[in-house]
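Worksheet for the structure shown next.
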Amino acid sequence: MTSKLRKELKTPAKTKRMTEKEIADNHTGKLPVIVGVTGASGIVYAQKLIQHLLESERPVLLALSSAARLVIKTELPAESGADPWGETNRHLLELIPEKDFTAPFCSGTFRFQGMVVVPASMGTVGSIASGVSINVIHRGADVCLKERRRLVIVPRETPLSTIHLENLLRLSKAGAVILPPSPAFYQKPETLEDSVDFIVSRILDALDLDNQLINRWGE
C-alpha cells in the first residue's frame with residue numbers, strides 16, 4: 001500500500017464538493033450511488049461494487065467509517081500498492097469524511113440512485129434502525145428511508161442475536177432491502193471472485209442497475 005493511499009485512508013483530503021448540476025453535466029446524467037463502508041468484515045464486496053460502478057461511468061459518493069479504514073488495511077492486499085477502488089474513472093469517485101454532515105446526500109433535496117451500506121456492521125444497523133445519525137452513513141440511510149429511496153443493507157455478522165434480527169426487521173419494514181452476502185452455489189463458483197460477483201450483482205439489481213456479472217437462472 002503506497003504512502004499516499006495510506007494517508008488517504010487515514011485522513012481523506014478535502015475535495016471540491018460537486019454540485020448536483022455538475023454531477024449531471026459531467027457524468028452523462030447518471031445519478032450517483034452512495035456507498036457507506038463500515039467496520040464489518042467483507043470489504044471486498046464494497047471494493048468490487050465501487051469498481052463496477054466506476055467502470056460503468058456511474059458517479060460514486062463514498063463514506064468510510066473509522067473502523068472501515070482499519071478493516072481495509074487488514075483485508076485488502078497491501079503488497080500491490082494499488083488503489084483499492086481501482087484507477088478506472090477515478091474522477092467519478094468522491095470521498096466523503098464520515099463527520100461531514102454538509103455532504104450532498106445528507107439532504108433530501110439531493111437526488112441519487114440509491115445507497116448501499118456494505119458491509120454493514122451491527123452497530124451501524126442499530127443506529128440506522130433507531131434513527132440516530134452519528135455519522136454521514138447513518139444520516140444518508142436516514143434520508144433514504146424518509147424520502148422512500150433505495151437503501152440496500154448488506155449485513156455482515158454471524159450468528160445474529162435477537163437484537164440484530166429485530167433491528168434488521170425494523171429496517172425492512174421501513175423500506176430497506178436487507179441483502180445478506182449469501183453465495184449461490186447453483187452458479188458453480190470456481191473462485192472467490194465468482195462468489196463476490198454474485199453478491200455484487202444482487203446489490204446492483206436492488207439498485208435497479210443493469211449488470212452482466214453473473215449467469216442468471218433461466219436466461
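Residues are named by chain letter and number: chains run A, B, ... in the order of the C-alpha cells, numbers start at 1 in each chain, and ligands are numbered from 1 in the order shown.
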
- Task: Could you find all residues in segment 93-125 of chain A that DSSP calls strand (DSSP E) from the backbone, and write them as a PyMOL selection string?
- Result: chain A and resi 93-96+114-120

Closest-contact table, segment 30-126 of chain A side, partner segment 195-203 of chain A, 8 Å, counting only C-alpha atoms, as CSV:
```
residue,atom,partner,partner_atom,distance
A:Val44,CA,A:Val196,CA,7.5
A:Tyr45,CA,A:Val196,CA,6.2
A:Lys48,CA,A:Val200,CA,7.0
A:Leu49,CA,A:Val200,CA,5.7
A:Val116,CA,A:Ile203,CA,7.9
```

- Message: Taking only segment 29-87 of chain A into account, list the residues labelled alpha helix (DSSP H) by DSSP (computed from the backbone), as a PyMOL selection string.
- Response: chain A and resi 43-55+66-75

Any chance you can output those residues with N, CA and C atoms as an mmCIF file, in the first residue's frame?
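again_29.cif, written as the output of this step:
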```
data_model
loop_
_atom_site.group_PDB
_atom_site.id
_atom_site.type_symbol
_atom_site.label_atom_id
_atom_site.label_comp_id
_atom_site.auth_asym_id
_atom_site.auth_seq_id
_atom_site.Cartn_x
_atom_site.Cartn_y
_atom_site.Cartn_z
ATOM 1 N N ILE A 43 -14.960 -6.204 3.174
ATOM 2 C CA ILE A 43 -14.655 -5.008 2.390
ATOM 3 C C ILE A 43 -14.608 -5.320 0.900
ATOM 4 N N VAL A 44 -14.297 -6.567 0.560
ATOM 5 C CA VAL A 44 -14.179 -6.936 -0.852
ATOM 6 C C VAL A 44 -15.497 -6.710 -1.607
ATOM 7 N N TYR A 45 -16.632 -6.837 -0.925
ATOM 8 C CA TYR A 45 -17.914 -6.576 -1.585
ATOM 9 C C TYR A 45 -18.018 -5.104 -1.982
ATOM 10 N N ALA A 46 -17.619 -4.229 -1.083
ATOM 11 C CA ALA A 46 -17.633 -2.795 -1.390
ATOM 12 C C ALA A 46 -16.642 -2.480 -2.498
ATOM 13 N N GLN A 47 -15.468 -3.101 -2.438
ATOM 14 C CA GLN A 47 -14.441 -2.861 -3.446
ATOM 15 C C GLN A 47 -14.944 -3.210 -4.841
ATOM 16 N N LYS A 48 -15.511 -4.398 -4.983
ATOM 17 C CA LYS A 48 -15.983 -4.830 -6.306
ATOM 18 C C LYS A 48 -17.178 -4.001 -6.770
ATOM 19 N N LEU A 49 -18.060 -3.641 -5.848
ATOM 20 C CA LEU A 49 -19.213 -2.811 -6.200
ATOM 21 C C LEU A 49 -18.762 -1.460 -6.736
ATOM 22 N N ILE A 50 -17.855 -0.805 -6.024
ATOM 23 C CA ILE A 50 -17.386 0.520 -6.433
ATOM 24 C C ILE A 50 -16.652 0.445 -7.764
ATOM 25 N N GLN A 51 -15.815 -0.563 -7.930
ATOM 26 C CA GLN A 51 -15.101 -0.710 -9.191
ATOM 27 C C GLN A 51 -16.073 -0.895 -10.353
ATOM 28 N N HIS A 52 -17.107 -1.692 -10.151
ATOM 29 C CA HIS A 52 -18.094 -1.901 -11.219
ATOM 30 C C HIS A 52 -18.842 -0.613 -11.535
ATOM 31 N N LEU A 53 -19.244 0.109 -10.506
ATOM 32 C CA LEU A 53 -19.967 1.361 -10.727
ATOM 33 C C LEU A 53 -19.115 2.360 -11.509
ATOM 34 N N LEU A 54 -17.851 2.475 -11.141
ATOM 35 C CA LEU A 54 -16.966 3.410 -11.829
ATOM 36 C C LEU A 54 -16.720 2.973 -13.276
ATOM 37 N N GLU A 55 -16.547 1.672 -13.473
ATOM 38 C CA GLU A 55 -16.349 1.170 -14.830
ATOM 39 C C GLU A 55 -17.585 1.414 -15.686
ATOM 40 N N SER A 66 -14.446 5.128 10.504
ATOM 41 C CA SER A 66 -13.076 4.965 11.005
ATOM 42 C C SER A 66 -12.731 3.494 11.164
ATOM 43 N N ALA A 67 -13.708 2.688 11.570
ATOM 44 C CA ALA A 67 -13.470 1.252 11.708
ATOM 45 C C ALA A 67 -13.244 0.605 10.349
ATOM 46 N N ALA A 68 -13.930 1.094 9.321
ATOM 47 C CA ALA A 68 -13.761 0.548 7.972
ATOM 48 C C ALA A 68 -12.330 0.744 7.484
ATOM 49 N N ARG A 69 -11.736 1.865 7.836
ATOM 50 C CA ARG A 69 -10.359 2.133 7.412
ATOM 51 C C ARG A 69 -9.403 1.100 7.999
ATOM 52 N N LEU A 70 -9.676 0.660 9.201
ATOM 53 C CA LEU A 70 -8.844 -0.365 9.830
ATOM 54 C C LEU A 70 -9.035 -1.708 9.130
ATOM 55 N N VAL A 71 -10.275 -2.028 8.790
ATOM 56 C CA VAL A 71 -10.559 -3.301 8.136
ATOM 57 C C VAL A 71 -9.949 -3.336 6.741
ATOM 58 N N ILE A 72 -9.975 -2.214 6.039
ATOM 59 C CA ILE A 72 -9.379 -2.150 4.698
ATOM 60 C C ILE A 72 -7.907 -2.533 4.756
ATOM 61 N N LYS A 73 -7.209 -2.032 5.738
ATOM 62 C CA LYS A 73 -5.778 -2.329 5.862
ATOM 63 C C LYS A 73 -5.543 -3.795 6.169
ATOM 64 N N THR A 74 -6.524 -4.441 6.810
ATOM 65 C CA THR A 74 -6.389 -5.846 7.180
ATOM 66 C C THR A 74 -6.792 -6.784 6.055
ATOM 67 N N GLU A 75 -7.884 -6.461 5.352
ATOM 68 C CA GLU A 75 -8.460 -7.409 4.405
ATOM 69 C C GLU A 75 -8.031 -7.232 2.962
#
```

- Atomic distance atom CA of Pro59 of chain A - atom CA of Thr102 of chain A, expressed in Å with one decimal: 18.1 Å

- Pick out the residues sitting within 10 Å of Ser130 of chain A, and hand them over as an MDAnalysis selection string; count only C-alpha atoms, and ignore anything fewer than 6 positions along from it in its own chain. chainID A and resid 124 138 142 167 170:171

Output N, CA and C atoms of each residue in that selection to a file, as a tab-separated table (two decimals), in the first residue's frame.
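After the write, selection-v6.tsv holds the following:
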```tsv
chain	number	residue	atom	x	y	z
A	124	THR	N	-23.84	-0.19	13.08
A	124	THR	CA	-24.43	0.71	12.08
A	124	THR	C	-25.90	0.40	11.86
A	138	HIS	N	-25.01	6.92	8.63
A	138	HIS	CA	-26.31	6.85	9.30
A	138	HIS	C	-27.28	7.87	8.70
A	142	ASP	N	-30.78	7.38	6.69
A	142	ASP	CA	-31.98	8.00	7.24
A	142	ASP	C	-32.71	8.79	6.15
A	167	ASN	N	-33.52	-5.36	14.72
A	167	ASN	CA	-33.09	-4.13	14.03
A	167	ASN	C	-33.21	-4.28	12.51
A	170	ARG	N	-36.83	-4.10	11.58
A	170	ARG	CA	-37.32	-2.71	11.62
A	170	ARG	C	-36.93	-1.97	10.35
A	171	LEU	N	-35.70	-2.19	9.87
A	171	LEU	CA	-35.25	-1.53	8.64
A	171	LEU	C	-36.02	-2.05	7.43
```

- Near Arg149 of chain A, counting only C-alpha atoms, which residues have an atom at most 7 Å away, once you skip same-chain residues fewer than 3 positions from it, shown as a PyMOL selection string? chain A and resi 114+144-145

- Query: So how many Å separate atom CA of Ile163 of chain A and atom CA of Gly126 of chain A, to one decimal?
  - Reply: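 According to the coordinates, atom CA of Ile163 of chain A and atom CA of Gly126 of chain A are separated by 8.5 Å.
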
- Item | Residue nearest Phe110 of chain A among A:Ile34, A:Leu204, A:Leu213, A:Leu192 (counting only C-alpha atoms) |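 The shortest atom-to-atom distance to Phe110 of chain A comes from A:Ile34.
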
- Item | Atom-to-atom span, atom CA of Ile178 of chain A and atom CA of Val117 of chain A, Å | 10.1 Å

- Shortest interatomic distance to Ser172 of chain A - which of A:Leu61, A:Ala184, A:Ala129, A:Ile137, counting only C-alpha atoms: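 Of the candidates, the smallest distance to Ser172 of chain A is held by A:Ala129.
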
- Item | Neighbour list for Val136 of chain A as JSON, numbers by chain, cut-off 9 Å, only C-alpha atoms, skip fewer than 2 positions in-chain | {"A": [36, 63, 65, 96, 97, 98, 99, 100, 101, 102, 103, 105, 106, 133, 134, 138, 139, 140, 141]}

Save out the residues we just selected, N, CA and C atoms, as a PDB file, in the first residue's frame.
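After the write, part24.pdb holds the following:
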```pdb
ATOM      1  N   GLY A  36     -21.749   3.395   1.661  1.00  0.00           N
ATOM      2  CA  GLY A  36     -21.244   3.523   3.021  1.00  0.00           C
ATOM      3  C   GLY A  36     -20.547   2.239   3.417  1.00  0.00           C
ATOM      4  N   ALA A  63     -18.422   6.982   1.628  1.00  0.00           N
ATOM      5  CA  ALA A  63     -18.182   7.351   3.022  1.00  0.00           C
ATOM      6  C   ALA A  63     -17.642   6.137   3.767  1.00  0.00           C
ATOM      7  N   SER A  65     -16.319   4.622   7.453  1.00  0.00           N
ATOM      8  CA  SER A  65     -16.231   4.846   8.894  1.00  0.00           C
ATOM      9  C   SER A  65     -14.782   4.651   9.321  1.00  0.00           C
ATOM     10  N   ILE A  96     -16.130  11.049   1.051  1.00  0.00           N
ATOM     11  CA  ILE A  96     -16.844  11.912   1.981  1.00  0.00           C
ATOM     12  C   ILE A  96     -16.389  11.600   3.407  1.00  0.00           C
ATOM     13  N   PRO A  97     -15.812  12.553   4.129  1.00  0.00           N
ATOM     14  CA  PRO A  97     -15.441  12.315   5.530  1.00  0.00           C
ATOM     15  C   PRO A  97     -16.666  11.923   6.350  1.00  0.00           C
ATOM     16  N   GLU A  98     -16.485  10.975   7.266  1.00  0.00           N
ATOM     17  CA  GLU A  98     -17.641  10.411   7.961  1.00  0.00           C
ATOM     18  C   GLU A  98     -18.381  11.406   8.845  1.00  0.00           C
ATOM     19  N   LYS A  99     -17.766  12.523   9.189  1.00  0.00           N
ATOM     20  CA  LYS A  99     -18.441  13.514  10.036  1.00  0.00           C
ATOM     21  C   LYS A  99     -18.841  14.773   9.256  1.00  0.00           C
ATOM     22  N   ASP A 100     -18.763  14.712   7.927  1.00  0.00           N
ATOM     23  CA  ASP A 100     -19.088  15.875   7.113  1.00  0.00           C
ATOM     24  C   ASP A 100     -20.582  15.893   6.798  1.00  0.00           C
ATOM     25  N   PHE A 101     -21.370  16.481   7.681  1.00  0.00           N
ATOM     26  CA  PHE A 101     -22.812  16.493   7.507  1.00  0.00           C
ATOM     27  C   PHE A 101     -23.277  17.521   6.471  1.00  0.00           C
ATOM     28  N   THR A 102     -22.303  18.182   5.812  1.00  0.00           N
ATOM     29  CA  THR A 102     -22.663  19.031   4.669  1.00  0.00           C
ATOM     30  C   THR A 102     -22.639  18.237   3.366  1.00  0.00           C
ATOM     31  N   ALA A 103     -22.360  16.932   3.458  1.00  0.00           N
ATOM     32  CA  ALA A 103     -22.344  16.086   2.263  1.00  0.00           C
ATOM     33  C   ALA A 103     -23.698  16.170   1.555  1.00  0.00           C
ATOM     34  N   PHE A 105     -25.774  14.132   0.103  1.00  0.00           N
ATOM     35  CA  PHE A 105     -26.829  13.158   0.385  1.00  0.00           C
ATOM     36  C   PHE A 105     -27.368  13.247   1.813  1.00  0.00           C
ATOM     37  N   CYS A 106     -26.828  14.181   2.600  1.00  0.00           N
ATOM     38  CA  CYS A 106     -27.385  14.407   3.936  1.00  0.00           C
ATOM     39  C   CYS A 106     -28.652  15.255   3.868  1.00  0.00           C
ATOM     40  N   SER A 133     -28.203   9.488  13.986  1.00  0.00           N
ATOM     41  CA  SER A 133     -27.208   9.826  12.956  1.00  0.00           C
ATOM     42  C   SER A 133     -25.920  10.312  13.601  1.00  0.00           C
ATOM     43  N   ILE A 134     -25.010   9.383  13.832  1.00  0.00           N
ATOM     44  CA  ILE A 134     -23.717   9.719  14.423  1.00  0.00           C
ATOM     45  C   ILE A 134     -22.725  10.103  13.340  1.00  0.00           C
ATOM     46  N   HIS A 138     -25.011   6.917   8.630  1.00  0.00           N
ATOM     47  CA  HIS A 138     -26.309   6.846   9.302  1.00  0.00           C
ATOM     48  C   HIS A 138     -27.282   7.868   8.702  1.00  0.00           C
ATOM     49  N   ARG A 139     -26.796   9.085   8.517  1.00  0.00           N
ATOM     50  CA  ARG A 139     -27.659  10.148   8.004  1.00  0.00           C
ATOM     51  C   ARG A 139     -28.116   9.861   6.575  1.00  0.00           C
ATOM     52  N   GLY A 140     -27.198   9.388   5.741  1.00  0.00           N
ATOM     53  CA  GLY A 140     -27.571   9.068   4.367  1.00  0.00           C
ATOM     54  C   GLY A 140     -28.651   8.006   4.315  1.00  0.00           C
ATOM     55  N   ALA A 141     -28.516   6.982   5.159  1.00  0.00           N
ATOM     56  CA  ALA A 141     -29.523   5.927   5.220  1.00  0.00           C
ATOM     57  C   ALA A 141     -30.850   6.483   5.723  1.00  0.00           C
TER      58      ALA A 141
END
```

- Using only C-alpha atoms, which residue out of A:Glu193, A:Lys146, A:Ala120, A:Gly218 lies closest to Leu179 of chain A?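 Nearest to Leu179 of chain A: A:Ala120.
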